[in-house]
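Undergrad: I'm passing along run-v8.cif; it holds mmCIF, C-alpha atoms.
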data_query
#
loop_
_atom_site.label_atom_id
_atom_site.label_comp_id
_atom_site.auth_asym_id
_atom_site.auth_seq_id
_atom_site.Cartn_x
_atom_site.Cartn_y
_atom_site.Cartn_z
CA MET A 1 -221.82 31.03 89.68
CA PHE A 2 -224.56 32.72 91.72
CA LEU A 3 -226.38 29.43 92.32
CA ALA A 4 -223.12 27.68 93.28
CA ARG A 5 -222.38 30.43 95.81
CA LYS A 6 -225.90 30.17 97.22
CA LYS A 7 -225.60 26.42 97.52
CA ASN A 8 -222.28 26.80 99.32
CA ASP A 9 -223.77 29.35 101.73
CA ILE A 10 -226.63 26.97 102.53
CA LEU A 11 -224.21 24.10 103.17
CA PHE A 12 -221.88 26.20 105.32
CA TRP A 13 -224.53 27.84 107.49
CA GLY A 14 -226.47 24.58 107.73
CA LEU A 15 -223.34 22.83 108.97
CA ALA A 16 -222.55 25.68 111.35
CA GLY A 17 -226.12 25.61 112.69
CA LEU A 18 -225.93 21.87 113.35
CA ILE A 19 -222.62 22.27 115.18
CA LEU A 20 -224.09 25.00 117.37
CA TYR A 21 -227.28 23.02 117.99
CA MET A 22 -225.81 19.60 118.75
CA PRO A 23 -224.64 20.24 122.36
CA PHE A 24 -228.15 21.39 123.31
CA HIS A 25 -230.07 18.56 121.69
CA PHE A 26 -230.78 16.70 124.94
CA TYR A 27 -231.89 19.86 126.74
CA ILE A 28 -234.28 20.72 123.92
CA CYS A 29 -235.46 17.19 123.11
CA GLU A 30 -235.91 15.64 126.54
CA LEU A 31 -236.10 18.54 129.00
CA LEU A 32 -237.80 21.45 127.23
CA LEU A 33 -239.99 19.31 124.94
CA PRO A 34 -240.54 16.08 126.89
CA GLY A 35 -242.51 13.44 125.07
CA SER A 36 -242.01 15.10 121.69
CA SER A 37 -239.82 13.83 118.86
CA LEU A 38 -240.29 16.98 116.79
CA ASP A 39 -236.75 18.28 117.23
CA ASN A 40 -235.34 14.81 116.44
CA ILE A 41 -237.24 14.88 113.16
CA VAL A 42 -236.19 18.44 112.34
CA ARG A 43 -232.51 17.72 113.03
CA ASP A 44 -232.55 14.55 110.93
CA VAL A 45 -234.43 16.21 108.07
CA VAL A 46 -231.90 19.07 108.04
CA ILE A 47 -228.96 16.65 107.88
CA ILE A 48 -230.60 14.54 105.15
CA ALA A 49 -231.57 17.62 103.11
CA LEU A 50 -228.04 19.06 103.33
CA ALA A 51 -226.54 15.69 102.35
CA VAL A 52 -228.86 15.44 99.31
CA LEU A 53 -227.91 18.99 98.32
CA ALA A 54 -224.22 18.17 98.70
CA ILE A 55 -224.32 14.89 96.76
CA PHE A 56 -226.76 15.46 93.91
CA PHE A 57 -227.16 19.19 93.28
CA ARG A 58 -223.83 19.76 91.60
CA GLU A 59 -222.62 20.20 88.05
CA LYS A 60 -220.89 16.84 88.04
CA ILE A 61 -221.12 13.90 90.43
CA ASP A 62 -217.53 12.69 90.55
CA TRP A 63 -218.18 9.04 91.41
CA PRO A 64 -214.57 7.75 90.94
CA SER A 65 -213.30 10.03 93.71
CA SER A 66 -216.35 9.61 95.93
CA PRO A 67 -215.82 8.19 99.43
CA LEU A 68 -216.32 4.57 98.47
CA SER A 69 -215.62 3.04 101.88
CA LEU A 70 -218.22 5.22 103.60
CA SER A 71 -220.81 4.75 100.84
CA VAL A 72 -220.47 0.96 101.01
CA SER A 73 -220.68 0.88 104.81
CA LEU A 74 -223.69 3.20 104.81
CA ALA A 75 -225.47 1.01 102.26
CA PHE A 76 -224.69 -2.15 104.23
CA VAL A 77 -226.04 -0.70 107.49
CA LEU A 78 -229.20 0.49 105.72
CA VAL A 79 -229.92 -2.85 104.07
CA THR A 80 -229.21 -4.84 107.25
CA GLY A 81 -231.29 -2.50 109.40
CA ILE A 82 -234.30 -2.44 107.08
CA TYR A 83 -234.27 -6.24 106.84
CA ALA A 84 -234.10 -6.54 110.65
CA ALA A 85 -236.94 -4.04 111.07
CA PHE A 86 -239.35 -6.22 109.11
CA VAL A 87 -238.16 -9.42 110.80
CA HIS A 88 -238.41 -8.06 114.35
CA GLN A 89 -240.10 -4.79 115.40
CA LEU A 90 -240.36 -2.11 112.74
CA ALA A 91 -240.52 1.19 114.64
CA PRO A 92 -237.87 0.61 117.36
CA ILE A 93 -235.32 -0.90 114.99
CA LEU A 94 -235.83 1.89 112.47
CA ASN A 95 -235.02 4.30 115.31
CA ILE A 96 -231.74 2.47 115.92
CA LEU A 97 -231.07 2.47 112.17
CA ARG A 98 -231.59 6.24 112.11
CA THR A 99 -229.09 6.64 114.95
CA TYR A 100 -226.44 4.75 112.98
CA THR A 101 -226.98 6.22 109.53
CA VAL A 102 -227.98 9.89 109.87
CA PRO A 103 -224.71 10.93 111.59
CA MET A 104 -222.81 9.27 108.73
CA LEU A 105 -224.50 11.65 106.26
CA ILE A 106 -222.80 14.67 107.82
CA PHE A 107 -219.63 13.43 106.11
CA TYR A 108 -221.01 14.39 102.69
CA VAL A 109 -221.96 17.86 103.92
CA ALA A 110 -218.58 18.58 105.53
CA LYS A 111 -216.78 17.24 102.46
CA SER A 112 -218.71 19.48 100.05
CA VAL A 113 -218.47 22.96 101.60
CA ASP A 114 -216.07 25.27 99.76
CA PHE A 115 -214.22 26.86 102.70
CA SER A 116 -212.32 30.11 102.70
CA ARG A 117 -209.75 30.31 105.48
CA GLN A 118 -211.99 32.75 107.35
CA ARG A 119 -215.01 30.43 107.24
CA PHE A 120 -212.99 27.37 108.15
CA MET A 121 -211.62 29.08 111.26
CA LEU A 122 -215.08 30.42 112.09
CA LEU A 123 -216.52 26.89 112.01
CA ASN A 124 -213.72 25.67 114.26
CA ARG A 125 -214.36 28.49 116.75
CA PHE A 126 -218.10 27.80 116.79
CA LEU A 127 -217.33 24.25 117.88
CA THR A 128 -214.54 24.88 120.37
CA VAL A 129 -215.80 28.03 122.08
CA GLU A 130 -219.33 26.71 122.53
CA LEU A 131 -218.12 23.42 124.00
CA ALA A 132 -215.63 25.25 126.25
CA ILE A 133 -218.55 27.19 127.72
CA VAL A 134 -220.53 23.95 128.08
CA GLY A 135 -217.53 22.37 129.85
CA LEU A 136 -217.25 25.19 132.39
CA TYR A 137 -221.01 25.19 132.92
CA GLY A 138 -220.89 21.43 133.56
CA PHE A 139 -218.17 21.83 136.19
CA LEU A 140 -220.10 24.58 138.00
CA GLN A 141 -223.34 22.60 137.79
CA ALA A 142 -221.80 19.39 139.16
CA PHE A 143 -219.75 20.85 142.00
CA ILE A 144 -221.74 23.92 143.00
CA LEU A 145 -225.38 23.41 141.99
CA GLY A 146 -225.25 19.62 142.44
CA ASP A 147 -227.61 16.89 141.29
CA ASP A 148 -230.64 18.70 142.73
CA PHE A 149 -230.33 21.11 139.79
CA LEU A 150 -230.34 18.28 137.23
CA ILE A 151 -233.35 16.71 138.92
CA TRP A 152 -235.10 20.08 138.80
CA LEU A 153 -234.31 20.32 135.07
CA GLY A 154 -235.94 16.94 134.50
CA TYR A 155 -233.11 14.39 134.36
CA PRO A 156 -234.50 10.91 135.20
CA THR A 157 -234.38 9.77 138.83
CA ASN A 158 -234.97 6.62 140.84
CA ASP A 159 -236.85 8.10 143.76
CA GLY A 160 -236.96 11.82 143.04
CA GLN A 161 -233.90 12.28 145.27
CA THR A 162 -231.00 10.86 143.24
CA LEU A 163 -230.28 10.46 139.53
CA TYR A 164 -231.41 7.12 138.15
CA SER A 165 -227.97 5.63 137.42
CA THR A 166 -224.85 5.31 139.57
CA SER A 167 -222.85 6.34 136.47
CA TYR A 168 -223.87 9.92 137.26
CA TYR A 169 -221.86 9.75 140.48
CA ILE A 170 -218.16 9.37 141.23
CA SER A 171 -217.29 5.82 142.25
CA HIS A 172 -216.64 5.47 146.02
CA PHE A 173 -217.74 9.10 146.51
CA PHE A 174 -221.48 8.57 146.10
CA GLY A 175 -223.40 11.82 146.29
CA TYR A 176 -220.74 13.74 144.38
CA GLN A 177 -221.88 14.13 140.81
CA ARG A 178 -219.89 13.76 137.60
CA SER A 179 -220.36 16.58 135.11
CA VAL A 180 -222.78 15.96 132.26
CA GLY A 181 -222.53 19.45 130.74
CA THR A 182 -225.63 19.72 128.57
CA PHE A 183 -225.53 16.05 127.53
CA VAL A 184 -227.35 12.96 128.71
CA SER A 185 -224.38 11.29 130.43
CA PRO A 186 -220.90 12.08 131.81
CA ASN A 187 -219.12 9.78 129.36
CA ILE A 188 -220.71 11.41 126.33
CA CYS A 189 -219.84 14.83 127.70
CA GLY A 190 -216.23 13.77 128.36
CA ALA A 191 -215.76 12.38 124.85
CA ILE A 192 -217.11 15.54 123.23
CA MET A 193 -214.96 17.77 125.45
CA ALA A 194 -211.99 15.74 124.19
CA VAL A 195 -213.13 16.24 120.57
CA ALA A 196 -213.25 20.00 121.11
CA GLY A 197 -209.81 19.89 122.76
CA CYS A 198 -208.35 18.19 119.67
CA ALA A 199 -209.98 20.80 117.40
CA LEU A 200 -208.68 23.67 119.53
CA PHE A 201 -205.11 22.52 120.13
CA PHE A 202 -204.29 21.07 116.71
CA THR A 203 -205.95 23.54 114.35
CA ASP A 204 -203.53 26.16 113.07
CA ASP A 205 -205.78 29.05 114.00
CA ASP A 206 -204.76 32.71 113.97
CA GLN A 207 -206.83 33.46 117.07
CA LYS A 208 -204.93 35.30 119.81
CA PRO A 209 -203.05 32.78 122.02
CA ALA A 210 -204.55 34.22 125.22
CA TRP A 211 -208.08 33.31 124.12
CA ARG A 212 -207.01 29.83 123.02
CA TYR A 213 -205.54 29.24 126.48
CA VAL A 214 -208.78 30.41 128.11
CA TRP A 215 -210.91 28.09 125.97
CA GLY A 216 -208.40 25.28 126.47
CA ALA A 217 -208.50 25.65 130.24
CA MET A 218 -212.30 25.52 130.23
CA LEU A 219 -212.28 22.38 128.06
CA ILE A 220 -209.69 20.58 130.22
CA VAL A 221 -211.55 21.44 133.42
CA GLY A 222 -214.83 20.39 131.81
CA MET A 223 -213.39 17.07 130.66
CA ALA A 224 -211.78 16.35 134.05
CA ALA A 225 -215.10 17.07 135.78
CA THR A 226 -216.76 14.23 133.85
CA PHE A 227 -214.28 11.73 135.38
CA SER A 228 -214.51 9.87 132.07
CA ARG A 229 -211.37 7.74 131.93
CA SER A 230 -211.97 6.73 128.32
CA ALA A 231 -212.20 10.39 127.25
CA MET A 232 -209.02 11.33 129.11
CA LEU A 233 -207.14 8.30 127.79
CA GLY A 234 -208.34 8.95 124.24
CA PHE A 235 -207.39 12.62 124.42
CA GLY A 236 -203.98 11.70 125.85
CA CYS A 237 -203.38 9.24 122.99
CA SER A 238 -204.31 11.86 120.40
CA VAL A 239 -201.97 14.43 121.99
CA VAL A 240 -199.06 11.96 121.95
CA ILE A 241 -199.73 10.98 118.34
CA CYS A 242 -199.91 14.61 117.17
CA TRP A 243 -196.73 15.54 119.02
CA LEU A 244 -194.97 12.55 117.43
CA PHE A 245 -196.07 13.61 113.96
CA ARG A 246 -194.99 17.20 114.55
CA LYS A 247 -191.73 16.06 116.19
CA SER A 248 -192.32 18.52 119.00
CA TRP A 249 -189.58 16.97 121.14
CA LYS A 250 -186.85 18.05 118.69
CA LYS A 251 -187.19 21.75 119.34
CA LEU A 252 -188.57 23.81 122.19
CA SER A 253 -190.28 26.67 120.38
CA LYS A 254 -191.75 29.69 122.13
CA LYS A 255 -195.21 28.35 121.30
CA THR A 256 -194.46 24.96 122.92
CA LEU A 257 -192.91 26.63 125.97
CA ARG A 258 -195.97 28.88 126.38
CA CYS A 259 -198.20 25.83 126.13
CA TRP A 260 -196.36 23.96 128.90
CA LEU A 261 -196.31 27.06 131.11
CA TRP A 262 -200.04 27.48 130.51
CA ILE A 263 -200.70 23.84 131.48
CA ALA A 264 -198.65 24.24 134.66
CA ALA A 265 -200.39 27.53 135.54
CA VAL A 266 -203.90 26.16 134.96
CA ALA A 267 -203.14 23.02 136.98
CA GLY A 268 -201.62 25.05 139.81
CA ILE A 269 -204.51 27.52 140.00
CA PHE A 270 -207.09 24.74 139.83
CA LEU A 271 -205.39 22.70 142.57
CA LEU A 272 -205.17 25.81 144.76
CA VAL A 273 -208.88 26.56 144.31
CA ASP A 274 -209.69 22.89 144.96
CA PHE A 275 -207.63 23.01 148.17
CA LEU A 276 -209.15 26.26 149.43
CA LEU A 277 -212.80 25.54 148.56
CA TRP A 278 -213.13 21.76 148.71
CA ASP A 279 -210.20 20.57 150.84
CA SER A 280 -208.64 18.94 147.72
CA LEU A 281 -211.77 16.83 147.23
CA PHE A 282 -211.60 17.03 143.41
CA LEU A 283 -207.96 15.89 143.35
CA ARG A 284 -208.70 13.01 145.76
CA MET A 285 -211.63 11.86 143.63
CA LEU A 286 -209.59 12.06 140.43
CA LEU A 287 -206.66 10.11 141.88
CA SER A 288 -209.03 7.55 143.40
CA THR A 289 -210.70 7.03 140.03
CA PHE A 290 -207.42 6.13 138.34
CA PHE A 291 -205.84 4.17 141.21
CA ARG A 292 -208.93 1.99 141.66
CA THR A 293 -209.00 1.38 137.89
CA PHE A 294 -205.52 -0.11 137.92
CA ASN A 295 -205.71 -2.06 141.20
CA GLY A 296 -209.00 -3.77 140.26
CA GLU A 297 -211.19 -2.11 142.91
CA ASP A 298 -213.41 -0.18 140.50
CA PRO A 299 -216.51 -2.22 139.50
CA SER A 300 -217.15 -0.14 136.39
CA ALA A 301 -213.62 -0.63 135.08
CA ASN A 302 -213.81 -4.37 135.82
CA ALA A 303 -217.06 -4.63 133.85
CA HIS A 304 -215.44 -2.87 130.89
CA LYS A 305 -212.54 -5.36 130.95
CA ASP A 306 -214.92 -8.34 131.09
CA HIS A 307 -216.86 -7.08 128.08
CA LEU A 308 -213.66 -6.75 126.06
CA PHE A 309 -212.71 -10.44 126.11
CA LYS A 310 -215.38 -12.78 127.48
CA PRO A 311 -217.94 -12.37 124.67
CA PHE A 312 -215.50 -13.51 122.01
CA PHE A 313 -214.97 -16.82 123.80
CA GLU A 314 -218.68 -17.29 124.52
CA GLU A 315 -220.14 -16.34 121.13
CA GLY A 316 -217.82 -18.08 118.68
CA ALA A 317 -219.30 -18.51 115.20
CA ASN A 318 -222.33 -16.35 116.08
CA LEU A 319 -220.11 -13.31 115.57
CA LEU A 320 -220.31 -13.79 111.82
CA LEU A 321 -224.08 -13.22 111.79
CA PRO A 322 -225.91 -9.88 112.25
CA TYR A 323 -228.41 -9.46 115.10
CA PHE A 324 -229.35 -5.91 114.21
CA GLY A 325 -231.26 -3.86 116.78
CA LEU A 326 -231.15 -6.48 119.53
CA ASN A 327 -228.10 -5.22 121.41
CA GLY A 328 -226.92 -2.39 123.61
CA PRO A 329 -228.63 0.43 125.52
CA MET A 330 -230.96 1.46 122.68
CA ALA A 331 -232.41 -2.07 122.46
CA GLU A 332 -233.03 -1.97 126.22
CA GLU A 333 -235.73 0.62 125.61
CA PHE A 334 -238.01 -1.84 123.80
CA LEU A 335 -236.74 -5.37 124.52
CA PRO A 336 -237.22 -7.13 127.87
CA ASP A 337 -233.90 -8.97 127.64
CA PRO A 338 -231.50 -7.35 125.13
CA PHE A 339 -227.88 -8.40 124.73
CA MET A 340 -226.05 -5.76 126.78
CA VAL A 341 -222.45 -4.99 125.86
CA GLU A 342 -220.05 -2.19 126.76
CA SER A 343 -217.55 -2.04 123.90
CA SER A 344 -218.77 -0.34 120.72
CA PHE A 345 -216.60 -2.64 118.62
CA TYR A 346 -218.21 -5.75 120.01
CA LEU A 347 -221.62 -4.06 119.87
CA MET A 348 -221.26 -3.46 116.13
CA ILE A 349 -220.04 -7.03 115.64
CA ARG A 350 -223.26 -8.20 117.30
CA GLU A 351 -225.33 -5.75 115.24
CA LEU A 352 -223.72 -6.30 111.83
CA GLY A 353 -221.56 -9.42 112.12
CA ILE A 354 -217.77 -9.23 111.81
CA PRO A 355 -217.84 -8.34 108.07
CA GLY A 356 -220.38 -5.57 108.66
CA ALA A 357 -218.50 -4.17 111.65
CA VAL A 358 -215.32 -4.06 109.57
CA LEU A 359 -217.22 -2.09 106.92
CA TYR A 360 -218.70 0.30 109.49
CA PHE A 361 -215.29 1.28 110.91
CA ALA A 362 -213.50 1.18 107.53
CA PRO A 363 -213.94 4.93 106.79
CA VAL A 364 -212.20 5.81 110.07
CA VAL A 365 -209.34 3.39 109.40
CA MET A 366 -208.94 4.67 105.83
CA MET A 367 -208.80 8.28 107.01
CA LEU A 368 -206.14 7.42 109.61
CA TYR A 369 -204.13 5.58 106.95
CA LYS A 370 -204.37 8.57 104.57
CA THR A 371 -203.27 10.92 107.36
CA VAL A 372 -200.12 8.88 107.98
CA LYS A 373 -199.41 8.45 104.27
CA ASN A 374 -199.97 12.08 103.23
CA TYR A 375 -198.84 13.96 106.34
CA LYS A 376 -195.88 15.71 104.75
CA ARG A 377 -198.02 17.07 101.92
CA TYR A 378 -201.24 17.51 103.92
CA PRO A 379 -200.54 18.01 107.66
CA TYR A 380 -204.13 18.39 108.88
CA LEU A 381 -204.09 16.26 112.04
CA VAL A 382 -207.35 17.24 113.76
CA PRO A 383 -209.57 14.55 112.10
CA ALA A 384 -207.07 11.84 113.05
CA ALA A 385 -206.80 13.19 116.61
CA VAL A 386 -210.60 13.35 116.98
CA ASN A 387 -211.15 9.83 115.67
CA VAL A 388 -208.33 8.31 117.72
CA THR A 389 -210.01 9.83 120.77
CA LEU A 390 -213.38 8.36 119.77
CA LEU A 391 -211.92 4.96 118.89
CA VAL A 392 -210.46 4.71 122.39
CA SER A 393 -213.87 5.52 123.87
CA TYR A 394 -215.40 2.90 121.56
CA ILE A 395 -213.14 0.25 123.10
CA PHE A 396 -214.77 0.66 126.51
CA LEU A 397 -218.23 2.18 125.94
CA PRO A 398 -221.25 1.70 123.62
CA ASN A 399 -220.82 5.27 122.33
CA VAL A 400 -221.54 4.16 118.79
CA GLN A 401 -225.22 4.13 119.82
CA THR A 402 -225.14 7.78 120.75
CA PHE A 403 -226.01 10.23 118.00
CA GLU A 404 -223.59 13.00 118.95
CA ILE A 405 -220.31 11.10 119.11
CA PRO A 406 -220.48 9.47 115.64
CA PHE A 407 -221.70 12.85 114.33
CA TYR A 408 -218.45 14.55 115.36
CA GLY A 409 -216.37 11.64 114.09
CA PHE A 410 -217.87 11.65 110.58
CA LEU A 411 -217.89 15.47 110.54
CA PHE A 412 -214.10 15.57 110.85
CA ILE A 413 -213.58 12.73 108.37
CA GLY A 414 -215.55 14.88 105.90
CA LEU A 415 -213.40 17.91 106.68
CA TYR A 416 -210.26 15.85 106.05
CA LYS A 417 -211.59 14.81 102.61
CA ASN A 418 -212.66 18.37 101.74
CA SER A 419 -210.69 19.71 98.76
CA SER A 420 -210.78 23.34 99.96
CA VAL A 421 -209.37 22.30 103.37
CA LYS A 422 -206.60 20.46 101.54
CA LYS A 423 -205.71 23.72 99.78
CA LEU A 424 -205.51 25.53 103.12
CA TYR A 425 -203.06 22.96 104.52
CA ALA A 426 -201.20 21.83 101.39
CA ARG A 427 -197.40 21.99 101.39
CA GLU A 428 -196.03 22.43 97.91
CA ASP A 429 -192.43 21.87 99.02
CA ALA A 430 -193.11 18.43 100.55
#
Do you think you could lay out the structure here as structure tokens?
TA:
Amino acid sequence: MFLARKKNDILFWGLAGLILYMPFHFYICELLLPGSSLDNIVRDVVIIALAVLAIFFREKIDWPSSPLSLSVSLAFVLVTGIYAAFVHQLAPILNILRTYTVPMLIFYVAKSVDFSRQRFMLLNRFLTVELAIVGLYGFLQAFILGDDFLIWLGYPTNDGQTLYSTSYYISHFFGYQRSVGTFVSPNICGAIMAVAGCALFFTDDDQKPAWRYVWGAMLIVGMAATFSRSAMLGFGCSVVICWLFRKSWKKLSKKTLRCWLWIAAVAGIFLLVDFLLWDSLFLRMLLSTFFRTFNGEDPSANAHKDHLFKPFFEEGANLLLPYFGLNGPMAEEFLPDPFMVESSFYLMIRELGIPGAVLYFAPVVMMLYKTVKNYKRYPYLVPAAVNVTLLVSYIFLPNVQTFEIPFYGFLFIGLYKNSSVKKLYAREDA
């Protein structure tokens, strides 16, 4: 009993530490320790060690109820990646393989922690409160400190005067920076703000409503400041889906009314501040971003659309074969002419072939199916909301090659499969 409790403490505090560390990985890895991969190694070793502890150091390994879909997909990615590493370039492709597989291991850790209600809510608050603070910091950095501050921190530049990519700036308002928070890019920041929003709004927490509204306002402002359309669209889809499941339109509870009043108040205050300080610049930039997306004037949006359809007509039968490590932004670091693609779905088809891509996304699909099937008995919607948000971002962006975004996705799939979380949410009368 003592050893089991110790093991559970290690898993819980290890998971909590990773959640608290993850938003600051880029600052530590690239800005504070430039040229060093030490923190990468430490983070990966911690995740692997926790996963080994979760899977093997237990009284009984219950293989029949193990997450078969994730285990099969993990094994397929490992085998394909190792084969490609020896066929092409060992070190760079192993780095890409690490980026795909290590975040998947967090599933086993999140699934194995024995949560009390207090610890489960504490983990949720670690994630949401920290990212709310990051979101507000990102807004202040982008619109008050400006890109000079990021350049001073050590973000890459073209000429020492502007950030190296136009994606850091708002389309048709060049010089005005999109928020990156503490992350490497605005789109990654936006997606993770959306993840935290799902965790905050759809977890049945007993935290005082006033504080939840404060954190929620900071997350919404932080996400809007990234101008990430995929993050906003994904978050909107998850909100609609959760409201449909909860049938929120059937009754106007005090909680729902407070929520709508809070949204109206935050929007009103923000628009007033925007008008007084920036002559409604933020609102004009936000409206321009969406209008130009729909009328075809935004080059970034047009590129995303092209990458959704054209490759399937051009590639044909090649989509059945894996070309692991030769595609996307990570391959650009070591290949002179990699196959560049925007959509994560098409990227994984290029990396693993259609069968392999189906396997890679199977755990997400299975979790969404289980959520729909078991909702009345097990109404924990946050993992579904988080992964719907990320799937929408995957449609348009190569976010599958980031470490952080898959990490949060597999983290919440693990929480959904966790037996102690099921006990917290179970409805015996359903």
Undergrad: Can you give me, as a VMD selection string, the residues this file yields under the PyMOL selection byres ((chain A and resi 425) around 9)?
TA: chain A and resid 377 to 380 420 to 424 426 to 427
Undergrad: List the neighbours of Ala54 (chain A) out to 8 Å using only C-alpha atoms; skip same-chain residues closer than 5 positions along the sequence, and give me the result as an MDAnalysis selection string.
TA: chainID A and resid 11 108:109 112
Undergrad: In Å, how far is it from CA of Gly154 (chain A) to CA of Phe183 (chain A)?
TA: 12.6 Å
Undergrad: What separation in Å, quoted to one decimal, exists between CA of Trp152 (chain A) and CA of Leu219 (chain A)?
TA: 25.3 Å
Undergrad: If you measure from CA of Lys370 (chain A) to CA of Val102 (chain A), what distance in Å do you get, rounded to one decimal?
TA: 24.2 Å
Undergrad: Which one is closest to Pro156 (chain A): A:Ala217, A:Val113, A:Ala267, A:Leu31? Count all atoms listed in the file.
TA: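 Looking only at the distances to Pro156 (chain A), the closest residue turns out to be A:Leu31.
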Undergrad: Identify which of the residues A:Ala199, A:Ile96, A:Val400, A:Val184 lies closest to Leu415 (chain A), counting all atoms listed in the file when measuring atom-to-atom distances.
TA: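 Among A:Ala199, A:Ile96, A:Val400, A:Val184, it is A:Ala199 that comes nearest to Leu415 (chain A).
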Undergrad: Which one of A:Leu368, A:Ile188, A:Ala362, A:Ile47 sits closest to Pro398 (chain A) if you count all atoms listed in the file?
TA: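 Of all the options, A:Ile188 lies closest to Pro398 (chain A).
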Undergrad: I want to know what sits within 8 Å of Val195 (chain A), based on only C-alpha atoms, with residues of the same chain fewer than 6 positions away left out; could you give that as a PyMOL selection string?
TA: chain A and resi 235+386+389-390+408
Undergrad: Spell out the residues picked by the PyMOL selection byres ((chain A and resi 180) around 12) here, as a PyMOL selection string.
TA: chain A and resi 23-24+26-27+134-143+146-147+149-150+155+163+167-169+177-179+181-193+222-228
Undergrad: Write the residues you've just listed into a file as a PDB file, in the coordinates of the input, and include C-alpha atoms for each of them.
TA:
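To be explicit, this is the file written out as selection-v9.pdb:
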ATOM      1  CA  PRO A  23    -224.640  20.240 122.360  1.00  0.00           C
ATOM      2  CA  PHE A  24    -228.150  21.390 123.310  1.00  0.00           C
ATOM      3  CA  PHE A  26    -230.780  16.700 124.940  1.00  0.00           C
ATOM      4  CA  TYR A  27    -231.890  19.860 126.740  1.00  0.00           C
ATOM      5  CA  VAL A 134    -220.530  23.950 128.080  1.00  0.00           C
ATOM      6  CA  GLY A 135    -217.530  22.370 129.850  1.00  0.00           C
ATOM      7  CA  LEU A 136    -217.250  25.190 132.390  1.00  0.00           C
ATOM      8  CA  TYR A 137    -221.010  25.190 132.920  1.00  0.00           C
ATOM      9  CA  GLY A 138    -220.890  21.430 133.560  1.00  0.00           C
ATOM     10  CA  PHE A 139    -218.170  21.830 136.190  1.00  0.00           C
ATOM     11  CA  LEU A 140    -220.100  24.580 138.000  1.00  0.00           C
ATOM     12  CA  GLN A 141    -223.340  22.600 137.790  1.00  0.00           C
ATOM     13  CA  ALA A 142    -221.800  19.390 139.160  1.00  0.00           C
ATOM     14  CA  PHE A 143    -219.750  20.850 142.000  1.00  0.00           C
ATOM     15  CA  GLY A 146    -225.250  19.620 142.440  1.00  0.00           C
ATOM     16  CA  ASP A 147    -227.610  16.890 141.290  1.00  0.00           C
ATOM     17  CA  PHE A 149    -230.330  21.110 139.790  1.00  0.00           C
ATOM     18  CA  LEU A 150    -230.340  18.280 137.230  1.00  0.00           C
ATOM     19  CA  TYR A 155    -233.110  14.390 134.360  1.00  0.00           C
ATOM     20  CA  LEU A 163    -230.280  10.460 139.530  1.00  0.00           C
ATOM     21  CA  SER A 167    -222.850   6.340 136.470  1.00  0.00           C
ATOM     22  CA  TYR A 168    -223.870   9.920 137.260  1.00  0.00           C
ATOM     23  CA  TYR A 169    -221.860   9.750 140.480  1.00  0.00           C
ATOM     24  CA  GLN A 177    -221.880  14.130 140.810  1.00  0.00           C
ATOM     25  CA  ARG A 178    -219.890  13.760 137.600  1.00  0.00           C
ATOM     26  CA  SER A 179    -220.360  16.580 135.110  1.00  0.00           C
ATOM     27  CA  GLY A 181    -222.530  19.450 130.740  1.00  0.00           C
ATOM     28  CA  THR A 182    -225.630  19.720 128.570  1.00  0.00           C
ATOM     29  CA  PHE A 183    -225.530  16.050 127.530  1.00  0.00           C
ATOM     30  CA  VAL A 184    -227.350  12.960 128.710  1.00  0.00           C
ATOM     31  CA  SER A 185    -224.380  11.290 130.430  1.00  0.00           C
ATOM     32  CA  PRO A 186    -220.900  12.080 131.810  1.00  0.00           C
ATOM     33  CA  ASN A 187    -219.120   9.780 129.360  1.00  0.00           C
ATOM     34  CA  ILE A 188    -220.710  11.410 126.330  1.00  0.00           C
ATOM     35  CA  CYS A 189    -219.840  14.830 127.700  1.00  0.00           C
ATOM     36  CA  GLY A 190    -216.230  13.770 128.360  1.00  0.00           C
ATOM     37  CA  ALA A 191    -215.760  12.380 124.850  1.00  0.00           C
ATOM     38  CA  ILE A 192    -217.110  15.540 123.230  1.00  0.00           C
ATOM     39  CA  MET A 193    -214.960  17.770 125.450  1.00  0.00           C
ATOM     40  CA  GLY A 222    -214.830  20.390 131.810  1.00  0.00           C
ATOM     41  CA  MET A 223    -213.390  17.070 130.660  1.00  0.00           C
ATOM     42  CA  ALA A 224    -211.780  16.350 134.050  1.00  0.00           C
ATOM     43  CA  ALA A 225    -215.100  17.070 135.780  1.00  0.00           C
ATOM     44  CA  THR A 226    -216.760  14.230 133.850  1.00  0.00           C
ATOM     45  CA  PHE A 227    -214.280  11.730 135.380  1.00  0.00           C
ATOM     46  CA  SER A 228    -214.510   9.870 132.070  1.00  0.00           C
TER      47      SER A 228
END
Undergrad: Could you pull the residues within 8 Å of Gly234 (chain A), counting all atoms listed in the file, minus those fewer than 4 positions along the same chain, as a PyMOL selection string?
TA: chain A and resi 194+230+238+388-393
